[in-house]
Structure formats: C-alpha cells, structure tokens
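**Q** mmCIF, C-alpha atoms, file coords.cif:
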```cif
data_final
loop_
_atom_site.group_PDB
_atom_site.id
_atom_site.type_symbol
_atom_site.label_atom_id
_atom_site.label_comp_id
_atom_site.auth_asym_id
_atom_site.auth_seq_id
_atom_site.Cartn_x
_atom_site.Cartn_y
_atom_site.Cartn_z
ATOM 1 C CA MET E 1 -12.363 6.629 7.581
ATOM 2 C CA GLN E 2 -9.636 6.580 4.954
ATOM 3 C CA ARG E 3 -8.549 3.197 3.633
ATOM 4 C CA ARG E 4 -4.842 2.590 3.218
ATOM 5 C CA ASP E 5 -3.515 0.403 0.452
ATOM 6 C CA GLY E 6 -0.119 -1.254 0.447
ATOM 7 C CA LEU E 7 2.555 -1.871 3.018
ATOM 8 C CA ARG E 8 3.141 0.588 5.874
ATOM 9 C CA ALA E 9 6.048 0.164 8.233
ATOM 10 C CA ARG E 10 7.779 1.768 11.182
ATOM 11 C CA THR E 11 11.130 3.242 10.265
ATOM 12 C CA ASP E 12 13.711 5.679 11.568
ATOM 13 C CA ILE E 13 15.264 7.667 8.747
ATOM 14 C CA GLY E 14 16.611 11.163 8.393
ATOM 15 C CA VAL E 15 14.454 13.514 6.327
ATOM 16 C CA VAL E 16 15.185 17.016 5.092
ATOM 17 C CA ALA E 17 12.008 18.993 4.315
ATOM 18 C CA ARG E 18 12.401 22.137 2.189
ATOM 19 C CA ASP E 19 9.956 24.916 1.466
ATOM 20 C CA GLY E 20 11.864 27.551 -0.445
ATOM 21 C CA ASN E 21 14.547 28.850 1.921
ATOM 22 C CA LEU E 22 13.036 27.146 4.979
ATOM 23 C CA VAL E 23 14.801 23.851 5.765
ATOM 24 C CA SER E 24 13.739 21.404 8.500
ATOM 25 C CA HIS E 25 15.652 18.322 9.615
ATOM 26 C CA CYS E 26 13.309 15.668 10.991
ATOM 27 C CA ARG E 27 12.853 11.903 11.354
ATOM 28 C CA GLY E 28 10.699 9.655 9.229
ATOM 29 C CA ILE E 29 8.900 7.295 11.630
ATOM 30 C CA GLU E 30 6.310 5.593 9.376
ATOM 31 C CA LEU E 31 6.640 4.977 5.669
ATOM 32 C CA SER E 32 4.536 3.653 2.820
ATOM 33 C CA ALA E 33 4.811 3.846 -0.955
ATOM 34 C CA GLY E 34 2.299 6.709 -0.860
ATOM 35 C CA GLY E 35 3.618 8.828 1.997
ATOM 36 C CA ILE E 36 5.480 9.330 5.247
ATOM 37 C CA VAL E 37 4.852 10.360 8.843
ATOM 38 C CA LEU E 38 7.488 12.736 10.189
ATOM 39 C CA ASP E 39 8.499 13.466 13.751
ATOM 40 C CA ARG E 40 9.374 17.158 13.577
ATOM 41 C CA GLY E 41 11.094 17.096 16.979
ATOM 42 C CA ARG E 42 8.919 20.031 18.050
ATOM 43 C CA PRO E 43 5.220 20.867 17.886
ATOM 44 C CA VAL E 44 3.932 21.245 14.334
ATOM 45 C CA THR E 45 2.857 24.833 13.658
ATOM 46 C CA ALA E 46 1.030 26.670 10.884
ATOM 47 C CA ARG E 47 4.356 27.412 9.179
ATOM 48 C CA ASP E 48 4.797 23.646 8.660
ATOM 49 C CA ASP E 49 1.483 23.433 6.796
ATOM 50 C CA ARG E 50 2.770 24.439 3.361
ATOM 51 C CA ILE E 51 1.081 23.468 0.120
ATOM 52 C CA PHE E 52 4.110 21.521 -1.119
ATOM 53 C CA LEU E 53 7.375 20.374 0.425
ATOM 54 C CA LYS E 54 10.471 18.961 -1.214
ATOM 55 C CA LEU E 55 11.735 15.994 0.764
ATOM 56 C CA GLU E 56 15.056 14.204 0.862
ATOM 57 C CA LEU E 57 14.790 10.804 2.537
ATOM 58 C CA ARG E 58 18.034 9.233 3.760
ATOM 59 C CA LEU E 59 17.613 5.466 3.551
ATOM 60 C CA PRO E 60 20.388 3.534 5.341
ATOM 61 C CA GLU E 61 20.939 1.180 2.413
ATOM 62 C CA HIS E 62 21.302 3.968 -0.200
ATOM 63 C CA PHE E 63 24.138 6.422 -0.689
ATOM 64 C CA MET E 64 22.038 9.087 -2.434
ATOM 65 C CA PRO E 65 18.880 10.519 -0.845
ATOM 66 C CA ILE E 66 15.419 9.717 -2.199
ATOM 67 C CA ARG E 67 13.780 12.894 -3.479
ATOM 68 C CA ALA E 68 10.024 13.426 -3.334
ATOM 69 C CA LEU E 69 7.482 16.209 -3.652
ATOM 70 C CA ALA E 70 4.846 15.933 -0.922
ATOM 71 C CA ARG E 71 1.907 17.730 0.644
ATOM 72 C CA PRO E 72 0.753 17.730 4.264
ATOM 73 C CA ILE E 73 -2.263 15.553 5.138
ATOM 74 C CA TRP E 74 -2.553 15.891 8.931
ATOM 75 C CA ALA E 75 -0.569 16.990 11.957
ATOM 76 C CA SER E 76 -0.783 16.090 15.637
ATOM 77 C CA GLY E 77 1.709 17.178 18.281
ATOM 78 C CA HIS E 78 5.197 16.562 16.907
ATOM 79 C CA ARG E 79 3.956 14.373 14.039
ATOM 80 C CA GLN E 80 3.029 15.372 10.502
ATOM 81 C CA ALA E 81 1.811 13.051 7.740
ATOM 82 C CA LEU E 82 2.718 13.830 4.130
ATOM 83 C CA LYS E 83 1.445 12.324 0.894
ATOM 84 C CA PHE E 84 3.938 11.810 -1.925
ATOM 85 C CA LEU E 85 2.932 13.678 -5.079
ATOM 86 C CA GLY E 86 6.022 13.162 -7.176
ATOM 87 C CA VAL E 87 8.716 10.502 -6.906
ATOM 88 C CA SER E 88 10.896 9.251 -9.758
ATOM 89 C CA ASP E 89 10.470 5.623 -10.803
ATOM 90 C CA ALA E 90 13.977 4.760 -9.576
ATOM 91 C CA ASP E 91 13.329 6.383 -6.180
ATOM 92 C CA ARG E 92 9.936 4.677 -5.913
ATOM 93 C CA LEU E 93 11.689 1.339 -6.465
ATOM 94 C CA SER E 94 14.205 2.211 -3.723
ATOM 95 C CA LEU E 95 11.312 2.999 -1.368
ATOM 96 C CA ALA E 96 9.688 -0.352 -2.195
ATOM 97 C CA GLU E 97 12.970 -2.165 -1.479
ATOM 98 C CA HIS E 98 13.301 -0.352 1.856
ATOM 99 C CA LEU E 99 9.722 -1.301 2.765
ATOM 100 C CA ASP E 100 10.446 -4.943 1.897
ATOM 101 C CA LEU E 101 13.484 -4.895 4.213
ATOM 102 C CA LEU E 102 11.367 -3.399 7.001
ATOM 103 C CA ARG E 103 8.699 -6.066 6.475
ATOM 104 C CA LEU E 104 11.331 -8.794 6.760
ATOM 105 C CA LYS E 105 12.488 -7.222 10.050
ATOM 106 C CA GLY E 106 8.891 -7.272 11.356
ATOM 107 C CA ALA E 107 8.294 -3.495 11.300
ATOM 108 C CA GLU E 108 5.074 -3.744 9.263
ATOM 109 C CA LEU E 109 2.018 -1.908 10.596
ATOM 110 C CA ASP E 110 -1.575 -3.134 10.315
#
```
Transcribe the structure of this file into structure tokens.

**A**
Amino acid sequence: MQRRDGLRARTDIGVVARDGNLVSHCRGIELSAGGIVLDRGRPVTARDDRIFLKLELRLPEHFMPIRALARPIWASGHRQALKFLGVSDADRLSLAEHLDLLRLKGAELD
C-alpha cells in the first residue's frame, strides 16, 4: 500500500489536459500538493494513458490557470489519478493556498 503525505482534499475545478494536439476538458475532484484525481466524464481508455500530460488547473480564486506537467498513476472507470512532475514554485504556492481553503471548508480527506 502506498503512503500519502500531506493534505488531500475534495475539490471541483476545471482541468484542461493536453497531450500534443489532443485536448481533454475534465474535472479535478481530489487534489494534493503531489497530484490530482480527474473525472474524465467518460470511461478512461488506453489513449488517456500517455507518458506525460500538460495540465491547466482552473482554481476559483485565481485568474490565471495553474500549469503542471503530470503522469498517469492509475485509472478506474471515469477517474484517473495523475502525479505532478513539474510545477513552478509560484503555482505550487497557489495549490497550497487552495488546499488550505478547502481544509478550512472541511473538504479534507483522510
């Protein structure tokens, strides 16, 4: 069993996932400083299992999207978990602030 470190919380944010010319609009439903679980809105297929994806996360409290490079970890049904590989320091701070707001609202997961 994999051990998770840090805060994880339920969220509902818009996410754009890009793999070259392929663009998917999905929802971020769980978030941590290290990754995100997406609801693809359809069953996850082999074409969604790319080596790397460029993500744009639309946080409600930020005008500009958070940009991250991520790789798939697991998929089940409509859900796909991604691990962040590259996030700028400023965007990582914005993610931490969003997670703090979610914790204050009681959206933290065990």

**Q** Kindly assemble as a tab-separated table a list of the stretch 18-59 of chain E residues that lie within 6 Å of stretch 11-14 of chain E, each paired with its nearest atom pair and their distance in Å to one decimal, using only C-alpha atoms, sorted first by chain and then by ascending residue number.

**A**
```
residue	atom	partner	partner_atom	distance
E:Arg27	CA	E:Gly14	CA	4.8
E:Gly28	CA	E:Ile13	CA	5.0
E:Ile29	CA	E:Thr11	CA	4.8
E:Glu30	CA	E:Thr11	CA	5.4
E:Arg58	CA	E:Gly14	CA	5.2
```

**Q** Using Å and a single decimal, report how far atom CA of E:Ala46 sits from atom CA of E:Asp91.

**A**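 Atom CA of E:Ala46 lies at a distance of 29.2 Å from atom CA of E:Asp91.
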
**Q** Applied to the shown file, which residues does the PyMOL selection byres ((chain E and resi 75-89) around 9) return, written as a count of residues only?

**A** 33

**Q** Kindly give the distance, in Å, that separates atom CA of E:Leu22 and atom CA of E:Pro65, rounded to a single decimal.

**A**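 So the answer is 18.6 Å.
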
**Q** Evaluate the PyMOL selection byres ((chain E and resi 97-99) around 9) here and jot the selected residues down as a count of residues only.

**A** 22

**Q** Record the distance separating atom CA of E:Cys26 and atom CA of E:Gly6, expressed in Å with one decimal.

**A**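 One can read the atom CA of E:Cys26 to atom CA of E:Gly6 distance as 24.0 Å.
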
**Q** Evaluate the PyMOL selection byres ((chain E and resi 23) around 12) and record the selected residues as a list in words, following the chain and residue labels used in the document.

**A**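 Checking the PyMOL selection byres ((chain E and resi 23) around 12) against this file, the residues are Val15, Val16, Ala17, Arg18, Asp19, Gly20, Asn21, Leu22, Ser24, His25, Cys26, Arg40, Arg47, Asp48, Leu53, Lys54, Leu55 and Glu56 of chain E.
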
**Q** Could you give me the axis-aligned bounding box of stretch 51-61 of chain E, with 4 Å of padding per side, as centre plus edge lengths in Å to one decimal, as AutoDock Vina command-line options?

**A**
```
--center_x 11.0 --center_y 12.3 --center_z 2.1 --size_x 27.9 --size_y 30.3 --size_z 14.6
```
